[in-house]
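Below is model_38.cif, holding mmCIF, C-alpha atoms and all ligand atoms.
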data_start
loop_
_atom_site.label_atom_id
_atom_site.label_comp_id
_atom_site.auth_asym_id
_atom_site.auth_seq_id
_atom_site.Cartn_x
_atom_site.Cartn_y
_atom_site.Cartn_z
CA MET X 1 31.74 -64.07 -62.29
CA THR X 2 32.13 -60.72 -60.52
CA ARG X 3 30.87 -60.56 -56.92
CA VAL X 4 29.03 -57.25 -56.45
CA THR X 5 27.42 -55.33 -53.60
CA ILE X 6 24.77 -52.71 -54.32
CA VAL X 7 24.56 -49.67 -52.02
CA GLY X 8 21.25 -47.77 -52.07
CA SER X 9 19.36 -50.96 -52.93
CA ARG X 10 15.89 -49.74 -51.90
CA GLY X 11 16.02 -46.65 -54.12
CA ARG X 12 14.79 -46.25 -57.70
CA MET X 13 18.20 -47.11 -59.18
CA GLY X 14 18.89 -49.75 -56.52
CA ARG X 15 15.76 -51.65 -57.52
CA ALA X 16 16.66 -51.37 -61.22
CA LEU X 17 20.12 -52.77 -60.40
CA LEU X 18 18.67 -55.71 -58.45
CA ALA X 19 16.47 -56.58 -61.43
CA ALA X 20 19.36 -56.23 -63.89
CA ALA X 21 21.73 -58.30 -61.70
CA ASP X 22 19.14 -61.08 -61.68
CA THR X 23 19.53 -61.53 -65.43
CA ALA X 24 23.28 -60.80 -65.76
CA PRO X 25 25.18 -64.11 -65.99
CA GLU X 26 28.58 -62.50 -65.37
CA VAL X 27 27.52 -60.93 -62.05
CA GLU X 28 26.90 -62.54 -58.65
CA LEU X 29 24.99 -60.31 -56.24
CA VAL X 30 26.48 -60.90 -52.77
CA ALA X 31 24.89 -58.02 -50.83
CA ALA X 32 22.31 -55.27 -51.26
CA VAL X 33 22.34 -52.59 -48.57
CA ASP X 34 20.51 -49.39 -47.80
CA ALA X 35 20.47 -46.85 -44.95
CA GLY X 36 20.89 -48.55 -41.56
CA ASP X 37 22.35 -51.82 -42.94
CA ASP X 38 25.84 -53.22 -42.21
CA LEU X 39 27.88 -51.49 -44.92
CA ALA X 40 31.28 -52.81 -43.79
CA ALA X 41 30.24 -56.48 -44.06
CA ALA X 42 28.64 -55.83 -47.46
CA VAL X 43 31.85 -54.22 -48.76
CA ASP X 44 33.97 -57.10 -47.49
CA ALA X 45 31.75 -59.70 -49.20
CA ALA X 46 32.21 -58.13 -52.66
CA GLU X 47 34.90 -57.75 -55.31
CA VAL X 48 33.21 -54.61 -56.67
CA VAL X 49 30.86 -52.21 -54.86
CA ILE X 50 28.24 -50.22 -56.81
CA ASP X 51 27.02 -46.99 -55.21
CA PHE X 52 23.65 -45.52 -56.19
CA SER X 53 22.71 -44.06 -52.79
CA VAL X 54 23.19 -40.34 -52.02
CA HIS X 55 26.19 -38.06 -52.53
CA THR X 56 26.91 -37.80 -48.79
CA VAL X 57 27.62 -41.56 -48.62
CA THR X 58 30.19 -41.84 -51.44
CA ALA X 59 33.33 -40.37 -49.83
CA SER X 60 33.24 -42.59 -46.72
CA LEU X 61 32.24 -45.58 -48.87
CA ALA X 62 35.24 -44.97 -51.17
CA ASP X 63 37.50 -44.85 -48.13
CA ARG X 64 36.01 -48.10 -46.82
CA CYS X 65 36.53 -49.74 -50.26
CA ALA X 66 40.13 -48.49 -50.33
CA GLN X 67 40.79 -50.04 -46.89
CA SER X 68 39.41 -53.39 -48.12
CA ALA X 69 40.96 -53.13 -51.62
CA LYS X 70 37.59 -53.31 -53.43
CA ALA X 71 36.82 -51.59 -56.73
CA LEU X 72 34.05 -48.99 -56.61
CA VAL X 73 31.53 -47.99 -59.29
CA ILE X 74 30.11 -44.54 -58.44
CA GLY X 75 26.66 -43.69 -59.78
CA THR X 76 25.65 -41.05 -57.23
CA THR X 77 25.64 -37.43 -58.36
CA GLY X 78 25.54 -34.00 -56.71
CA HIS X 79 28.80 -34.28 -54.71
CA THR X 80 30.25 -31.14 -53.12
CA GLU X 81 33.77 -30.01 -54.09
CA THR X 82 35.09 -31.39 -50.77
CA GLU X 83 33.41 -34.75 -51.36
CA ARG X 84 34.79 -34.91 -54.90
CA THR X 85 38.32 -34.30 -53.62
CA GLN X 86 37.95 -36.96 -50.89
CA ILE X 87 36.60 -39.51 -53.38
CA ALA X 88 39.28 -38.78 -56.02
CA HIS X 89 41.94 -39.29 -53.34
CA CYS X 90 41.14 -43.04 -53.34
CA GLN X 91 42.12 -43.48 -57.01
CA SER X 92 45.72 -44.25 -56.00
CA ARG X 93 44.53 -47.28 -54.01
CA ILE X 94 41.61 -48.82 -55.92
CA PRO X 95 39.92 -48.67 -59.33
CA LEU X 96 37.11 -46.07 -59.29
CA VAL X 97 34.67 -46.01 -62.20
CA TRP X 98 32.91 -42.67 -61.77
CA SER X 99 30.30 -41.52 -64.23
CA ALA X 100 27.34 -39.18 -63.97
CA ASN X 101 25.63 -41.44 -66.46
CA PHE X 102 26.15 -45.13 -67.19
CA SER X 103 23.93 -45.38 -70.27
CA THR X 104 25.62 -46.27 -73.55
CA GLY X 105 23.40 -43.77 -75.35
CA VAL X 106 24.39 -40.87 -73.10
CA ASN X 107 28.06 -41.76 -73.41
CA THR X 108 27.58 -41.60 -77.17
CA LEU X 109 25.98 -38.17 -76.64
CA PHE X 110 29.12 -37.11 -74.69
CA TRP X 111 31.28 -38.17 -77.64
CA LEU X 112 29.02 -36.46 -80.22
CA THR X 113 28.89 -33.26 -78.15
CA ARG X 114 32.68 -33.01 -78.07
CA LYS X 115 32.92 -33.65 -81.82
CA ALA X 116 30.18 -31.11 -82.68
CA ALA X 117 31.75 -28.42 -80.46
CA GLU X 118 35.17 -29.01 -82.03
CA ILE X 119 33.72 -28.76 -85.56
CA LEU X 120 31.32 -25.84 -85.00
CA GLY X 121 33.55 -23.80 -82.67
CA PRO X 122 32.72 -20.47 -80.97
CA ALA X 123 30.49 -19.24 -83.83
CA PHE X 124 27.70 -21.41 -82.40
CA ASP X 125 26.04 -20.61 -79.05
CA VAL X 126 25.82 -23.69 -76.83
CA GLU X 127 23.11 -24.43 -74.26
CA VAL X 128 22.33 -27.58 -72.25
CA VAL X 129 18.75 -28.39 -71.23
CA GLU X 130 17.84 -31.31 -68.95
CA MET X 131 14.55 -32.61 -67.58
CA HIS X 132 14.05 -35.07 -64.71
CA HIS X 133 11.28 -36.40 -62.47
CA ARG X 134 9.98 -34.28 -59.61
CA HIS X 135 11.85 -36.31 -56.94
CA LYS X 136 15.35 -35.52 -58.19
CA GLN X 137 17.37 -33.84 -55.43
CA ASP X 138 20.25 -32.14 -57.28
CA ALA X 139 20.28 -29.62 -60.13
CA PRO X 140 21.55 -29.40 -62.75
CA SER X 141 21.90 -33.16 -63.27
CA GLY X 142 25.36 -34.71 -63.12
CA THR X 143 24.97 -35.55 -66.81
CA ALA X 144 24.21 -31.90 -67.69
CA LYS X 145 27.31 -30.86 -65.73
CA THR X 146 29.41 -33.38 -67.65
CA LEU X 147 28.00 -32.07 -70.95
CA ALA X 148 28.85 -28.50 -69.89
CA GLU X 149 32.38 -29.61 -68.91
CA ILE X 150 32.86 -31.27 -72.31
CA LEU X 151 31.66 -28.10 -74.09
CA ALA X 152 33.92 -25.87 -71.99
CA GLU X 153 36.93 -28.07 -72.68
CA ALA X 154 36.26 -28.27 -76.42
CA LEU X 155 35.67 -24.51 -76.67
CA ARG X 156 38.61 -23.67 -74.38
CA LEU X 157 36.42 -21.87 -71.81
CA ARG X 158 36.62 -21.96 -68.02
CA LEU X 159 33.32 -23.49 -66.93
CA GLU X 160 33.19 -21.55 -63.63
CA GLU X 161 33.12 -18.32 -65.65
CA ALA X 162 31.16 -19.56 -68.67
CA ALA X 163 28.24 -21.37 -66.99
CA ARG X 164 24.86 -19.53 -66.90
CA HIS X 165 22.44 -21.50 -64.77
CA GLY X 166 19.00 -20.48 -65.97
CA ARG X 167 18.46 -16.84 -66.86
CA HIS X 168 16.30 -14.38 -65.01
CA GLY X 169 15.74 -10.65 -65.06
CA PHE X 170 17.67 -8.19 -67.22
CA THR X 171 20.52 -10.39 -68.38
CA GLY X 172 21.67 -8.31 -71.32
CA GLU X 173 22.64 -9.86 -74.65
CA ARG X 174 24.05 -13.34 -74.71
CA THR X 175 27.83 -13.32 -75.04
CA THR X 176 29.76 -15.80 -77.19
CA THR X 177 31.66 -17.13 -74.18
CA GLU X 178 28.79 -18.48 -72.13
CA ILE X 179 27.32 -21.97 -71.74
CA GLY X 180 23.66 -21.96 -70.68
CA VAL X 181 22.55 -24.80 -68.37
CA HIS X 182 18.85 -25.26 -67.62
CA ALA X 183 17.15 -27.76 -65.31
CA VAL X 184 13.47 -28.62 -65.78
CA ARG X 185 11.65 -30.78 -63.20
CA GLY X 186 8.35 -32.63 -63.34
CA GLY X 187 6.37 -35.84 -63.39
CA ASP X 188 8.17 -39.15 -63.80
CA VAL X 189 10.70 -38.21 -66.51
CA VAL X 190 13.65 -40.62 -66.15
CA GLY X 191 16.14 -38.26 -67.80
CA ASP X 192 16.22 -36.08 -70.94
CA HIS X 193 19.28 -34.14 -72.09
CA THR X 194 19.58 -31.81 -75.07
CA VAL X 195 22.65 -29.92 -76.25
CA ILE X 196 21.80 -26.99 -78.52
CA PHE X 197 24.28 -25.50 -80.96
CA ALA X 198 22.67 -22.29 -82.29
CA GLY X 199 24.40 -20.53 -85.17
CA ARG X 200 23.39 -17.89 -87.71
CA GLY X 201 20.56 -19.32 -89.78
CA GLU X 202 20.85 -22.87 -88.45
CA ARG X 203 20.64 -24.91 -85.25
CA ILE X 204 21.70 -28.39 -84.26
CA GLU X 205 20.14 -30.18 -81.30
CA LEU X 206 21.51 -33.42 -79.91
CA THR X 207 18.99 -35.15 -77.65
CA HIS X 208 19.03 -38.27 -75.52
CA ARG X 209 15.91 -39.49 -73.72
CA ALA X 210 15.97 -42.35 -71.23
CA SER X 211 12.61 -44.10 -70.98
CA ASN X 212 13.54 -46.37 -68.07
CA ARG X 213 16.40 -46.99 -65.63
CA GLU X 214 17.49 -50.31 -67.16
CA THR X 215 20.06 -48.61 -69.35
CA PHE X 216 21.86 -47.10 -66.30
CA ALA X 217 21.65 -50.38 -64.37
CA HIS X 218 23.06 -52.52 -67.18
CA GLY X 219 25.82 -49.96 -67.80
CA ALA X 220 26.80 -49.92 -64.11
CA LEU X 221 26.96 -53.74 -64.00
CA ARG X 222 29.07 -53.71 -67.17
CA ALA X 223 31.37 -51.17 -65.47
CA ALA X 224 31.62 -53.44 -62.39
CA VAL X 225 32.68 -56.45 -64.47
CA TRP X 226 35.19 -54.25 -66.33
CA ALA X 227 36.61 -52.81 -63.07
CA GLN X 228 37.40 -56.13 -61.46
CA GLY X 229 41.16 -56.70 -61.46
CA ARG X 230 42.01 -53.28 -62.99
CA PRO X 231 44.96 -51.33 -61.59
CA PRO X 232 44.03 -48.48 -59.22
CA GLY X 233 42.96 -45.33 -61.06
CA LEU X 234 40.10 -43.05 -61.98
CA TYR X 235 38.03 -44.37 -64.87
CA SER X 236 34.80 -43.32 -66.54
CA MET X 237 32.14 -45.08 -68.59
CA GLN X 238 33.98 -43.73 -71.65
CA ASP X 239 36.90 -46.02 -70.66
CA VAL X 240 34.54 -48.97 -70.09
CA LEU X 241 33.05 -48.51 -73.57
CA GLY X 242 36.47 -47.96 -75.15
CA PHE X 243 35.66 -44.36 -76.26
CA SER X 244 38.70 -42.71 -74.62
P1 LIG C 301 16.61 -42.73 -54.50
O1 LIG C 301 16.38 -41.60 -53.56
O2 LIG C 301 15.43 -43.43 -55.10
O3 LIG C 301 17.53 -43.86 -53.80
C1 LIG C 301 18.61 -43.59 -52.95
C2 LIG C 301 18.68 -44.71 -51.93
O4 LIG C 301 19.86 -44.53 -51.14
C3 LIG C 301 17.48 -44.73 -50.96
O5 LIG C 301 16.90 -46.02 -50.89
C4 LIG C 301 18.11 -44.32 -49.64
O6 LIG C 301 17.46 -44.90 -48.51
C5 LIG C 301 19.52 -44.89 -49.82
N1 LIG C 301 20.46 -44.37 -48.81
C6 LIG C 301 20.43 -43.19 -48.14
N2 LIG C 301 21.44 -43.13 -47.25
C7 LIG C 301 22.11 -44.30 -47.34
C8 LIG C 301 23.23 -44.85 -46.66
N3 LIG C 301 23.85 -44.17 -45.69
N4 LIG C 301 23.65 -46.09 -47.01
C9 LIG C 301 23.02 -46.81 -47.97
N5 LIG C 301 21.94 -46.33 -48.65
C10 LIG C 301 21.49 -45.09 -48.34
O7 LIG C 301 17.53 -42.13 -55.66
P2 LIG C 301 17.77 -42.72 -57.13
O8 LIG C 301 16.85 -42.05 -58.09
O9 LIG C 301 17.84 -44.21 -57.07
O10 LIG C 301 19.23 -42.13 -57.43
C11 LIG C 301 20.34 -42.46 -56.62
C12 LIG C 301 21.56 -41.66 -57.07
O11 LIG C 301 21.96 -42.12 -58.37
C13 LIG C 301 21.31 -40.16 -57.22
O12 LIG C 301 22.49 -39.48 -56.82
C14 LIG C 301 21.05 -39.98 -58.70
O13 LIG C 301 21.34 -38.68 -59.17
C15 LIG C 301 22.02 -40.99 -59.26
N6 LIG C 301 21.74 -41.51 -60.61
C16 LIG C 301 22.83 -41.74 -61.38
C17 LIG C 301 22.68 -42.32 -62.63
C18 LIG C 301 23.92 -42.67 -63.41
O14 LIG C 301 23.82 -43.28 -64.49
N7 LIG C 301 25.11 -42.34 -62.88
C19 LIG C 301 21.40 -42.63 -63.11
C20 LIG C 301 20.29 -42.37 -62.30
C21 LIG C 301 20.48 -41.82 -61.04
#
Show this structure as structure tokens.
Amino acid sequence: MTRVTIVGSRGRMGRALLAAADTAPEVELVAAVDAGDDLAAAVDAAEVVIDFSVHTVTASLADRCAQSAKALVIGTTGHTETERTQIAHCQSRIPLVWSANFSTGVNTLFWLTRKAAEILGPAFDVEVVEMHHRHKQDAPSGTAKTLAEILAEALRLRLEEAARHGRHGFTGERTTTEIGVHAVRGGDVVGDHTVIFAGRGERIELTHRASNRETFAHGALRAAVWAQGRPPGLYSMQDVLGFS
């Protein structure tokens, strides 16, 4: 049994996690906290803390977990560069499982995207399109950013230079060294991601569509069980699933 605390428990993902924990025999839920609750006590009660709150919470939570020697599963997205650096700093003290997406299907999409980019190479133009519900705060989604990072790595491009976030106005012809990233918002869409590989006379599209949040919740709980007792370090869902 892994004793877990859920941070952000009243949110959309928090509620999905509570429901998933209820039916997960290998997990014991010891605390569920949201804004205004006693975070320190909740961290101390757990072996592994799962964060699905907001990006501004994660860095101080990671520090708190490091002080108490608790593993941390990070589900929040949209961190600033400074926050990312602060969070990553804790990897020398505790296991951090950090993934923009905990679904098995999306992690398979990550793997397929890398393979397709390696096979097709620079002759194919690559674009990432994501769609999420109207309440989503950050854009593009963390998953779309991860997909763009994978494409940049496989195609040996620097993402800071290659990324084109939406296009507007007189953009000129598309170059072969750009990665388009497009965020669509509306309704109650849980999360759709498509990677397009457009070549001469043919096009491949890899699409994942999440129809509910269960997949993320079950993946995060699986990551928590996996993280318990691991040496300190920075891990991803790819490690949890044995893809790396
Ligand atoms: P949400 O807005 O529904 O929930 C966030 C919750 O965090 C709210 O209940 C809010 O009150 C709470 N919160 C705010 N400040 C807090 C604090 N200081 N301490 C504790 N709780 C606090 O958002 P959501 O849709 O549930 O998404 C949460 C996060 O998870 C977002 O960053 C989202 O992008 C991310 N997400 C990640 C995955 C994944 O697989 N990694 C999947 C879905 C969503």
Could the centre and edge lengths of an axis-aligned box, enclosing all atoms of region 99-111 of chain X in the file with 6 Å extra on each side, be given in Å to one decimal as lines of an AutoDock Vina configuration file?
center_x = 27.3
center_y = -41.7
center_z = -70.8
size_x = 19.9
size_y = 21.2
size_z = 25.7
Quiz item: Contacts of Ala162 (chain X) at 9 Å or less, counting all atoms listed in the file, minus same-chain residues fewer than 2 places along, as a PyMOL selection string?
Solution: chain X and resi 152+157-160+164+177-180
What does the file look like for those residues with C-alpha atoms, as a CSV table (one decimal), in the frame of the given file?
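Contents of result.csv, as written:
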chain,number,residue,atom,x,y,z
X,152,ALA,CA,33.9,-25.9,-72.0
X,157,LEU,CA,36.4,-21.9,-71.8
X,158,ARG,CA,36.6,-22.0,-68.0
X,159,LEU,CA,33.3,-23.5,-66.9
X,160,GLU,CA,33.2,-21.6,-63.6
X,164,ARG,CA,24.9,-19.5,-66.9
X,177,THR,CA,31.7,-17.1,-74.2
X,178,GLU,CA,28.8,-18.5,-72.1
X,179,ILE,CA,27.3,-22.0,-71.7
X,180,GLY,CA,23.7,-22.0,-70.7
Practice problem: Can you tell me which residues come within 7 Å of ligand LIG 301 (chain C) when counting all atoms listed in the file, ideally as a PyMOL selection string? | Solution: chain X and resi 7-14+33-36+52-55+57+75-78+99-103+136+138+141-142+213+216
Writing out the chosen residues with C-alpha atoms as a short mmCIF file (atom, residue, chain, number, x, y, z; two decimals), in the coordinates of the input:
data_model
loop_
_atom_site.label_atom_id
_atom_site.label_comp_id
_atom_site.auth_asym_id
_atom_site.auth_seq_id
_atom_site.Cartn_x
_atom_site.Cartn_y
_atom_site.Cartn_z
CA VAL X 7 24.56 -49.67 -52.02
CA GLY X 8 21.25 -47.77 -52.07
CA SER X 9 19.36 -50.96 -52.93
CA ARG X 10 15.89 -49.74 -51.90
CA GLY X 11 16.02 -46.65 -54.12
CA ARG X 12 14.79 -46.25 -57.70
CA MET X 13 18.20 -47.11 -59.18
CA GLY X 14 18.89 -49.75 -56.52
CA VAL X 33 22.34 -52.59 -48.57
CA ASP X 34 20.51 -49.39 -47.80
CA ALA X 35 20.47 -46.85 -44.95
CA GLY X 36 20.89 -48.55 -41.56
CA PHE X 52 23.65 -45.52 -56.19
CA SER X 53 22.71 -44.06 -52.79
CA VAL X 54 23.19 -40.34 -52.02
CA HIS X 55 26.19 -38.06 -52.53
CA VAL X 57 27.62 -41.56 -48.62
CA GLY X 75 26.66 -43.69 -59.78
CA THR X 76 25.65 -41.05 -57.23
CA THR X 77 25.64 -37.43 -58.36
CA GLY X 78 25.54 -34.00 -56.71
CA SER X 99 30.30 -41.52 -64.23
CA ALA X 100 27.34 -39.18 -63.97
CA ASN X 101 25.63 -41.44 -66.46
CA PHE X 102 26.15 -45.13 -67.19
CA SER X 103 23.93 -45.38 -70.27
CA LYS X 136 15.35 -35.52 -58.19
CA ASP X 138 20.25 -32.14 -57.28
CA SER X 141 21.90 -33.16 -63.27
CA GLY X 142 25.36 -34.71 -63.12
CA ARG X 213 16.40 -46.99 -65.63
CA PHE X 216 21.86 -47.10 -66.30
#
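If you measure from each of X:Val240, X:Val49, X:Ala19, X:Ile196 to Thr5 (chain X) using only C-alpha atoms, the closest one turns out to be X:Val49.
Distances from X:Leu155, X:Val30, X:Arg222, X:Glu127 to Ile204 (chain X) were compared using all atoms listed in the file, and the smallest one belongs to X:Glu127.
By chain and then residue number, the residues within 10 Å of His132 (chain X) are Glu130, Arg134, His135, Lys136, Gln137, Ala139, Pro140, Ser141, Ala183, Val184, Arg185, Gly186, Gly187, Asp188, Val189, Val190, Gly191, Asp192, His193 and Ala210 of chain X, counting all atoms listed in the file and disregarding those fewer than 2 positions away in sequence.
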Self-check item: Selection: 12 Å around region 117-126 of chain X, all atoms listed in the file, excl. self and same-chain fewer than 5 positions, as a ChimeraX atom specification
Solution: /X:109-112,147-157,162-164,174-182,194-206
Take the residues from that selection and write them out as a PDB file, keeping the file's coordinate frame, keeping C-alpha atoms.
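Listed below is the output, result-v6.pdb:
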ATOM      1  CA  LEU X 109      25.980 -38.170 -76.640  1.00  0.00           C
ATOM      2  CA  PHE X 110      29.120 -37.110 -74.690  1.00  0.00           C
ATOM      3  CA  TRP X 111      31.280 -38.170 -77.640  1.00  0.00           C
ATOM      4  CA  LEU X 112      29.020 -36.460 -80.220  1.00  0.00           C
ATOM      5  CA  LEU X 147      28.000 -32.070 -70.950  1.00  0.00           C
ATOM      6  CA  ALA X 148      28.850 -28.500 -69.890  1.00  0.00           C
ATOM      7  CA  GLU X 149      32.380 -29.610 -68.910  1.00  0.00           C
ATOM      8  CA  ILE X 150      32.860 -31.270 -72.310  1.00  0.00           C
ATOM      9  CA  LEU X 151      31.660 -28.100 -74.090  1.00  0.00           C
ATOM     10  CA  ALA X 152      33.920 -25.870 -71.990  1.00  0.00           C
ATOM     11  CA  GLU X 153      36.930 -28.070 -72.680  1.00  0.00           C
ATOM     12  CA  ALA X 154      36.260 -28.270 -76.420  1.00  0.00           C
ATOM     13  CA  LEU X 155      35.670 -24.510 -76.670  1.00  0.00           C
ATOM     14  CA  ARG X 156      38.610 -23.670 -74.380  1.00  0.00           C
ATOM     15  CA  LEU X 157      36.420 -21.870 -71.810  1.00  0.00           C
ATOM     16  CA  ALA X 162      31.160 -19.560 -68.670  1.00  0.00           C
ATOM     17  CA  ALA X 163      28.240 -21.370 -66.990  1.00  0.00           C
ATOM     18  CA  ARG X 164      24.860 -19.530 -66.900  1.00  0.00           C
ATOM     19  CA  ARG X 174      24.050 -13.340 -74.710  1.00  0.00           C
ATOM     20  CA  THR X 175      27.830 -13.320 -75.040  1.00  0.00           C
ATOM     21  CA  THR X 176      29.760 -15.800 -77.190  1.00  0.00           C
ATOM     22  CA  THR X 177      31.660 -17.130 -74.180  1.00  0.00           C
ATOM     23  CA  GLU X 178      28.790 -18.480 -72.130  1.00  0.00           C
ATOM     24  CA  ILE X 179      27.320 -21.970 -71.740  1.00  0.00           C
ATOM     25  CA  GLY X 180      23.660 -21.960 -70.680  1.00  0.00           C
ATOM     26  CA  VAL X 181      22.550 -24.800 -68.370  1.00  0.00           C
ATOM     27  CA  HIS X 182      18.850 -25.260 -67.620  1.00  0.00           C
ATOM     28  CA  THR X 194      19.580 -31.810 -75.070  1.00  0.00           C
ATOM     29  CA  VAL X 195      22.650 -29.920 -76.250  1.00  0.00           C
ATOM     30  CA  ILE X 196      21.800 -26.990 -78.520  1.00  0.00           C
ATOM     31  CA  PHE X 197      24.280 -25.500 -80.960  1.00  0.00           C
ATOM     32  CA  ALA X 198      22.670 -22.290 -82.290  1.00  0.00           C
ATOM     33  CA  GLY X 199      24.400 -20.530 -85.170  1.00  0.00           C
ATOM     34  CA  ARG X 200      23.390 -17.890 -87.710  1.00  0.00           C
ATOM     35  CA  GLY X 201      20.560 -19.320 -89.780  1.00  0.00           C
ATOM     36  CA  GLU X 202      20.850 -22.870 -88.450  1.00  0.00           C
ATOM     37  CA  ARG X 203      20.640 -24.910 -85.250  1.00  0.00           C
ATOM     38  CA  ILE X 204      21.700 -28.390 -84.260  1.00  0.00           C
ATOM     39  CA  GLU X 205      20.140 -30.180 -81.300  1.00  0.00           C
ATOM     40  CA  LEU X 206      21.510 -33.420 -79.910  1.00  0.00           C
TER      41      LEU X 206
END
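The space between CA of Leu18 (chain X) and CA of Thr207 (chain X) spans 28.1 Å.
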Self-check item: Protein/DNA/RNA residues near (29.7, -54.7, -51.6), cut 7 Å, only C-alpha atoms, as a PyMOL selection string
Solution: chain X and resi 4-6+31+42-46+48-49
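Note that CA of Ala217 (chain X) and CA of Asn107 (chain X) are 14.0 Å apart.
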Quiz prompt | Å distance separating CA of Leu29 (chain X) from CA of Ser92 (chain X), one decimal place | solution = 26.2 Å
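With all atoms listed in the file taken into account, the protein and nucleic acid residues at most 12 Å from Thr85 (chain X) (excluding it and anything under 3 positions from it in its own chain) are Thr58, Ala59, Ser60, Ala62, Asp63, His79, Thr80, Glu81, Thr82, Ala88, His89, Cys90 and Gln91 of chain X.
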Quiz item: Which is closest to Leu241 (chain X) among X:Gly229, X:Pro25, X:Pro95, X:Gly219, if we use only C-alpha atoms?
Solution: X:Gly219
Quiz item: When distances are computed from all atoms listed in the file, which of X:Val106, X:Glu173, X:Ala24, X:Thr113 shows the smallest separation from Gln238 (chain X)?
Solution: X:Val106
Could you pull region 215-220 of chain X out of the structure just shown and give all heavy atoms as a PDB file, in the first residue's frame?
ATOM      1  N   THR X 215      -8.246   8.502 -17.173  1.00  0.00           N
ATOM      2  CA  THR X 215      -6.960   8.015 -17.680  1.00  0.00           C
ATOM      3  C   THR X 215      -5.787   8.739 -17.007  1.00  0.00           C
ATOM      4  O   THR X 215      -4.785   8.128 -16.631  1.00  0.00           O
ATOM      5  CB  THR X 215      -6.906   8.125 -19.225  1.00  0.00           C
ATOM      6  OG1 THR X 215      -5.626   7.716 -19.652  1.00  0.00           O
ATOM      7  CG2 THR X 215      -7.213   9.519 -19.725  1.00  0.00           C
ATOM      8  N   PHE X 216      -5.912  10.084 -16.806  1.00  0.00           N
ATOM      9  CA  PHE X 216      -4.846  10.845 -16.137  1.00  0.00           C
ATOM     10  C   PHE X 216      -4.752  10.437 -14.666  1.00  0.00           C
ATOM     11  O   PHE X 216      -3.670  10.305 -14.102  1.00  0.00           O
ATOM     12  CB  PHE X 216      -5.114  12.354 -16.203  1.00  0.00           C
ATOM     13  CG  PHE X 216      -5.450  12.872 -17.567  1.00  0.00           C
ATOM     14  CD1 PHE X 216      -6.603  13.613 -17.791  1.00  0.00           C
ATOM     15  CD2 PHE X 216      -4.612  12.626 -18.647  1.00  0.00           C
ATOM     16  CE1 PHE X 216      -6.915  14.097 -19.049  1.00  0.00           C
ATOM     17  CE2 PHE X 216      -4.911  13.098 -19.911  1.00  0.00           C
ATOM     18  CZ  PHE X 216      -6.070  13.831 -20.107  1.00  0.00           C
ATOM     19  N   ALA X 217      -5.929  10.266 -14.044  1.00  0.00           N
ATOM     20  CA  ALA X 217      -5.969   9.948 -12.607  1.00  0.00           C
ATOM     21  C   ALA X 217      -5.337   8.575 -12.347  1.00  0.00           C
ATOM     22  O   ALA X 217      -4.499   8.431 -11.450  1.00  0.00           O
ATOM     23  CB  ALA X 217      -7.416   9.983 -12.117  1.00  0.00           C
ATOM     24  N   HIS X 218      -5.715   7.579 -13.122  1.00  0.00           N
ATOM     25  CA  HIS X 218      -5.155   6.238 -12.922  1.00  0.00           C
ATOM     26  C   HIS X 218      -3.649   6.237 -13.192  1.00  0.00           C
ATOM     27  O   HIS X 218      -2.882   5.588 -12.472  1.00  0.00           O
ATOM     28  CB  HIS X 218      -5.866   5.208 -13.818  1.00  0.00           C
ATOM     29  CG  HIS X 218      -7.232   4.860 -13.301  1.00  0.00           C
ATOM     30  ND1 HIS X 218      -7.417   4.164 -12.129  1.00  0.00           N
ATOM     31  CD2 HIS X 218      -8.468   5.148 -13.756  1.00  0.00           C
ATOM     32  CE1 HIS X 218      -8.713   4.028 -11.900  1.00  0.00           C
ATOM     33  NE2 HIS X 218      -9.371   4.620 -12.878  1.00  0.00           N
ATOM     34  N   GLY X 219      -3.230   6.979 -14.212  1.00  0.00           N
ATOM     35  CA  GLY X 219      -1.800   7.071 -14.526  1.00  0.00           C
ATOM     36  C   GLY X 219      -1.025   7.718 -13.393  1.00  0.00           C
ATOM     37  O   GLY X 219       0.069   7.267 -13.028  1.00  0.00           O
ATOM     38  N   ALA X 220      -1.588   8.780 -12.808  1.00  0.00           N
ATOM     39  CA  ALA X 220      -0.893   9.481 -11.710  1.00  0.00           C
ATOM     40  C   ALA X 220      -0.788   8.586 -10.476  1.00  0.00           C
ATOM     41  O   ALA X 220       0.239   8.584  -9.789  1.00  0.00           O
ATOM     42  CB  ALA X 220      -1.631  10.778 -11.384  1.00  0.00           C
TER      43      ALA X 220
END
